[in-house]
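Quick look at run.txt (compact mmCIF, C-alpha atoms):
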# COMPACT_ATOMS: atom_id res chain seq x y z
CA MET A 461 -2.09 -35.11 -40.34
CA THR A 462 -3.68 -37.77 -38.13
CA THR A 463 -5.13 -40.98 -39.49
CA ASP A 464 -8.63 -41.98 -38.44
CA PRO A 465 -8.33 -45.52 -36.97
CA TRP A 466 -11.96 -46.24 -37.88
CA SER A 467 -11.74 -45.23 -41.52
CA SER A 468 -12.10 -48.01 -44.04
CA THR A 469 -9.90 -48.99 -46.93
CA GLN A 470 -10.91 -48.33 -50.51
CA PRO A 471 -14.06 -50.11 -51.67
CA LEU A 472 -13.72 -53.55 -53.21
CA ARG A 473 -15.97 -52.40 -56.02
CA GLU A 474 -17.28 -48.89 -56.61
CA ASP A 475 -19.50 -48.59 -59.62
CA PHE A 476 -21.52 -45.46 -58.92
CA PRO A 477 -21.13 -42.97 -61.76
CA THR A 478 -20.45 -40.22 -59.22
CA PRO A 479 -18.55 -39.86 -55.92
CA THR A 480 -20.43 -39.53 -52.60
CA THR A 481 -19.86 -35.77 -52.77
CA ASP A 482 -21.96 -35.51 -55.94
CA ARG A 483 -24.42 -38.39 -55.54
CA TRP A 484 -28.17 -37.81 -55.67
CA PHE A 485 -31.33 -39.90 -55.66
CA GLU A 486 -31.08 -40.52 -59.42
CA ASP A 487 -27.70 -42.24 -59.00
CA TYR A 488 -29.19 -45.20 -57.11
CA THR A 489 -30.59 -48.02 -59.25
CA VAL A 490 -32.77 -50.86 -58.01
CA GLY A 491 -30.93 -54.16 -58.22
CA ASP A 492 -27.41 -52.75 -57.94
CA VAL A 493 -25.17 -54.74 -55.60
CA ARG A 494 -21.95 -53.23 -54.29
CA GLU A 495 -19.28 -54.21 -51.79
CA TYR A 496 -17.04 -51.99 -49.69
CA GLY A 497 -14.55 -52.61 -46.94
CA THR A 498 -12.75 -53.50 -44.79
CA ILE A 499 -12.62 -52.65 -41.10
CA THR A 500 -10.92 -55.04 -38.68
CA LEU A 501 -11.75 -54.98 -34.97
CA SER A 502 -9.01 -55.77 -32.47
CA GLU A 503 -9.58 -57.31 -29.05
CA ASP A 504 -8.72 -53.95 -27.45
CA GLN A 505 -11.30 -52.12 -29.59
CA ILE A 506 -13.99 -54.67 -28.73
CA VAL A 507 -13.29 -54.48 -25.00
CA GLU A 508 -12.96 -50.68 -24.96
CA PHE A 509 -16.31 -50.22 -26.71
CA ALA A 510 -18.06 -52.77 -24.51
CA VAL A 511 -16.73 -51.34 -21.25
CA ARG A 512 -18.29 -48.02 -22.24
CA TYR A 513 -21.52 -49.07 -23.95
CA ASP A 514 -22.34 -52.79 -23.55
CA PRO A 515 -20.63 -54.07 -20.39
CA GLN A 516 -21.49 -57.76 -20.67
CA LEU A 517 -18.78 -60.31 -19.90
CA MET A 518 -18.90 -61.86 -23.39
CA HIS A 519 -17.66 -58.47 -24.65
CA THR A 520 -15.43 -57.25 -21.81
CA ASP A 521 -13.66 -60.24 -20.23
CA PRO A 522 -11.63 -62.48 -22.56
CA GLN A 523 -11.02 -65.07 -19.81
CA TRP A 524 -14.71 -65.36 -18.92
CA ALA A 525 -15.69 -65.29 -22.59
CA ALA A 526 -13.42 -68.27 -23.32
CA THR A 527 -15.74 -70.42 -21.17
CA GLY A 528 -18.95 -68.59 -22.12
CA PRO A 529 -21.61 -69.41 -24.70
CA PHE A 530 -19.52 -68.16 -27.66
CA THR A 531 -16.24 -69.80 -26.51
CA GLY A 532 -14.41 -66.53 -26.95
CA LEU A 533 -14.67 -62.76 -26.87
CA ILE A 534 -17.21 -61.25 -29.27
CA ALA A 535 -18.05 -57.70 -30.32
CA SER A 536 -21.27 -56.09 -29.18
CA GLY A 537 -23.98 -56.08 -31.81
CA ILE A 538 -24.19 -52.32 -31.33
CA GLN A 539 -20.48 -51.99 -32.14
CA THR A 540 -21.06 -54.14 -35.22
CA MET A 541 -23.77 -51.71 -36.28
CA GLY A 542 -21.27 -48.88 -35.78
CA VAL A 543 -18.81 -50.59 -38.13
CA PHE A 544 -21.65 -50.99 -40.64
CA MET A 545 -22.50 -47.29 -40.35
CA ARG A 546 -18.91 -46.23 -40.93
CA LEU A 547 -18.66 -48.25 -44.15
CA TYR A 548 -22.15 -47.19 -45.24
CA ALA A 549 -21.43 -43.48 -44.63
CA ASP A 550 -17.97 -43.64 -46.25
CA HIS A 551 -19.06 -45.38 -49.43
CA TYR A 552 -22.78 -45.70 -50.07
CA VAL A 553 -24.64 -42.74 -48.61
CA THR A 554 -24.53 -39.46 -50.47
CA ARG A 555 -22.71 -36.68 -48.65
CA CYS A 556 -24.63 -33.93 -50.45
CA GLY A 557 -28.15 -35.39 -50.76
CA SER A 558 -28.70 -37.38 -47.58
CA LEU A 559 -31.77 -36.16 -45.70
CA ALA A 560 -31.65 -38.72 -42.86
CA SER A 561 -33.22 -42.11 -42.32
CA PRO A 562 -36.77 -42.86 -41.22
CA GLY A 563 -35.65 -46.24 -39.89
CA VAL A 564 -33.96 -49.61 -40.09
CA ASP A 565 -35.84 -52.92 -40.22
CA GLU A 566 -35.02 -56.58 -39.79
CA VAL A 567 -31.73 -56.15 -37.90
CA ARG A 568 -30.09 -59.55 -37.38
CA TRP A 569 -26.73 -60.76 -36.05
CA PRO A 570 -26.51 -64.33 -37.38
CA ARG A 571 -22.84 -64.81 -36.37
CA PRO A 572 -20.65 -63.10 -33.80
CA VAL A 573 -17.80 -60.76 -34.67
CA ARG A 574 -14.52 -61.85 -33.13
CA PRO A 575 -11.21 -60.03 -32.67
CA GLY A 576 -9.34 -59.92 -35.96
CA ASP A 577 -12.42 -60.31 -38.15
CA ALA A 578 -12.14 -58.21 -41.32
CA LEU A 579 -15.59 -56.82 -42.07
CA ARG A 580 -16.89 -55.56 -45.39
CA LEU A 581 -20.22 -54.15 -46.46
CA ARG A 582 -22.50 -55.51 -49.17
CA THR A 583 -25.44 -53.36 -50.30
CA GLU A 584 -28.31 -54.13 -52.63
CA THR A 585 -30.64 -51.32 -53.63
CA LEU A 586 -34.13 -52.82 -53.25
CA GLU A 587 -36.35 -49.82 -53.82
CA ALA A 588 -35.99 -46.26 -55.12
CA ARG A 589 -39.15 -44.19 -55.34
CA LEU A 590 -39.83 -40.50 -55.50
CA SER A 591 -41.92 -38.91 -52.78
CA ARG A 592 -45.42 -37.97 -53.91
CA SER A 593 -45.77 -35.24 -51.29
CA LYS A 594 -42.22 -33.81 -51.54
CA PRO A 595 -40.91 -34.03 -55.13
CA ASP A 596 -37.45 -32.80 -54.11
CA ARG A 597 -36.62 -36.19 -52.55
CA GLY A 598 -36.97 -39.94 -52.82
CA LEU A 599 -36.90 -42.98 -50.56
CA LEU A 600 -34.22 -45.64 -50.91
CA VAL A 601 -34.54 -49.06 -49.33
CA THR A 602 -31.28 -51.00 -49.20
CA ARG A 603 -30.49 -54.51 -48.01
CA CYS A 604 -27.23 -54.29 -46.13
CA GLU A 605 -24.97 -57.04 -44.86
CA LEU A 606 -21.66 -57.05 -43.07
CA LEU A 607 -19.56 -60.07 -44.00
CA ASN A 608 -16.42 -61.37 -42.37
CA GLN A 609 -13.28 -62.62 -44.11
CA ASP A 610 -14.92 -66.06 -44.52
CA ASP A 611 -17.92 -64.56 -46.38
CA GLU A 612 -20.16 -65.23 -43.38
CA THR A 613 -22.88 -62.68 -42.67
CA VAL A 614 -22.43 -61.10 -39.24
CA LEU A 615 -25.10 -58.37 -39.63
CA SER A 616 -28.07 -57.98 -41.94
CA GLN A 617 -30.68 -55.23 -42.09
CA ARG A 618 -32.96 -53.21 -44.37
CA VAL A 619 -32.09 -49.53 -44.28
CA MET A 620 -34.29 -46.66 -45.45
CA ASN A 621 -32.85 -43.31 -46.53
CA LEU A 622 -34.41 -40.09 -47.70
CA VAL A 623 -32.27 -38.68 -50.51
CA ALA A 624 -32.54 -35.36 -52.35
CA VAL A 625 -33.00 -35.32 -56.12
CA ARG A 626 -30.29 -33.70 -58.21
CA PRO A 627 -30.78 -29.91 -58.25
CA ALA A 628 -31.90 -28.41 -61.55
Go ahead and render the structure in this file as structure tokens.
Amino acid sequence: MTTDPWSSTQPLREDFPTPTTDRWFEDYTVGDVREYGTITLSEDQIVEFAVRYDPQLMHTDPQWAATGPFTGLIASGIQTMGVFMRLYADHYVTRCGSLASPGVDEVRWPRPVRPGDALRLRTETLEARLSRSKPDRGLLVTRCELLNQDDETVLSQRVMNLVAVRPA
């Protein structure tokens, strides 16, 4: 059995009444705050991703990056979003009721991610409303943040998800 190098550890706090395999729209409550994590990015992972998808020197060349604007190598914001998505999909999003996302708003990277940073996800359910036109689903709006080991926010965004209601 192979281990997935991108999988996250157990959540810091999991207080849903049901696992992701049996989670439906009704299981999300406005105001709930949860944290999950962690994923740690190595220098090799940062460089490998950037060489393929974001080949800027601040992400690909540790020697150049040491003298660059961030005084060291940093992860691509797109890679940071990928780490977010892994934690979000592993712990927060329902595996049985997810019907996709109509979008993400207010994406911000207030601090860079550096090699060795241990990232965890914080979610706050902001809105949960049933669809008027399609009563078999609802819309969730969630404030999501990735935090590093120093509790500094490295990514923030508002994520929308369409989620099926629990079958009768």
Query - Gap from atom CA of Gln523 of chain A to atom CA of Phe509 of chain A - Å, one decimal - result: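 The value is 17.2 Å.
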Query raised in the report: Which residue, A:Leu517, A:Val601, A:Met545, A:Ala560, has the smallest gap to Gly532 of chain A when you use all atoms listed in the file?
Result: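 Result for the nearest residue to Gly532 of chain A: A:Leu517.
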Query raised in the report: Could you state the separation of atom CA of Gly542 of chain A and atom CA of Ile499 of chain A in Å, given to one decimal place?
Result: 10.8 Å
Report task. Compute the distance from (-12.2, -59.3, -28.2) to each atom, counting all atoms listed in the file, keep the residues with any atom at most 12 Å away, and return them as JSON, numbers by chain; use the coordinates of the file. Result -> {"A": [500, 501, 502, 503, 504, 505, 506, 507, 508, 509, 510, 511, 517, 518, 519, 520, 521, 522, 523, 524, 525, 526, 530, 531, 532, 533, 534, 535, 536, 539, 572, 573, 574, 575, 576, 577]}
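Considering the residues A:Asn608, A:Thr481, A:Ser616, A:Thr498 and counting only C-alpha atoms, Leu547 of chain A has its shortest atom-to-atom contact with A:Thr498.
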**Report entry** Test item: residues at most 8 Å from Val490 of chain A, only C-alpha atoms, excluding those fewer than 6 positions along its chain, as a ChimeraX atom specification
**Finding:** /A:584-588
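If you measure from each of A:Met620, A:Ile538, A:Val543, A:Val625 to Arg512 of chain A using all atoms listed in the file, the closest one turns out to be A:Ile538.
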Each side padded by 3 Å, which centre and which edge lengths in Å (one decimal) define the axis-aligned box around the listed atoms of segment 484-497 of chain A? Give them as lines of an AutoDock Vina configuration file.
center_x = -23.7
center_y = -46.3
center_z = -53.2
size_x = 24.2
size_y = 22.9
size_z = 18.5
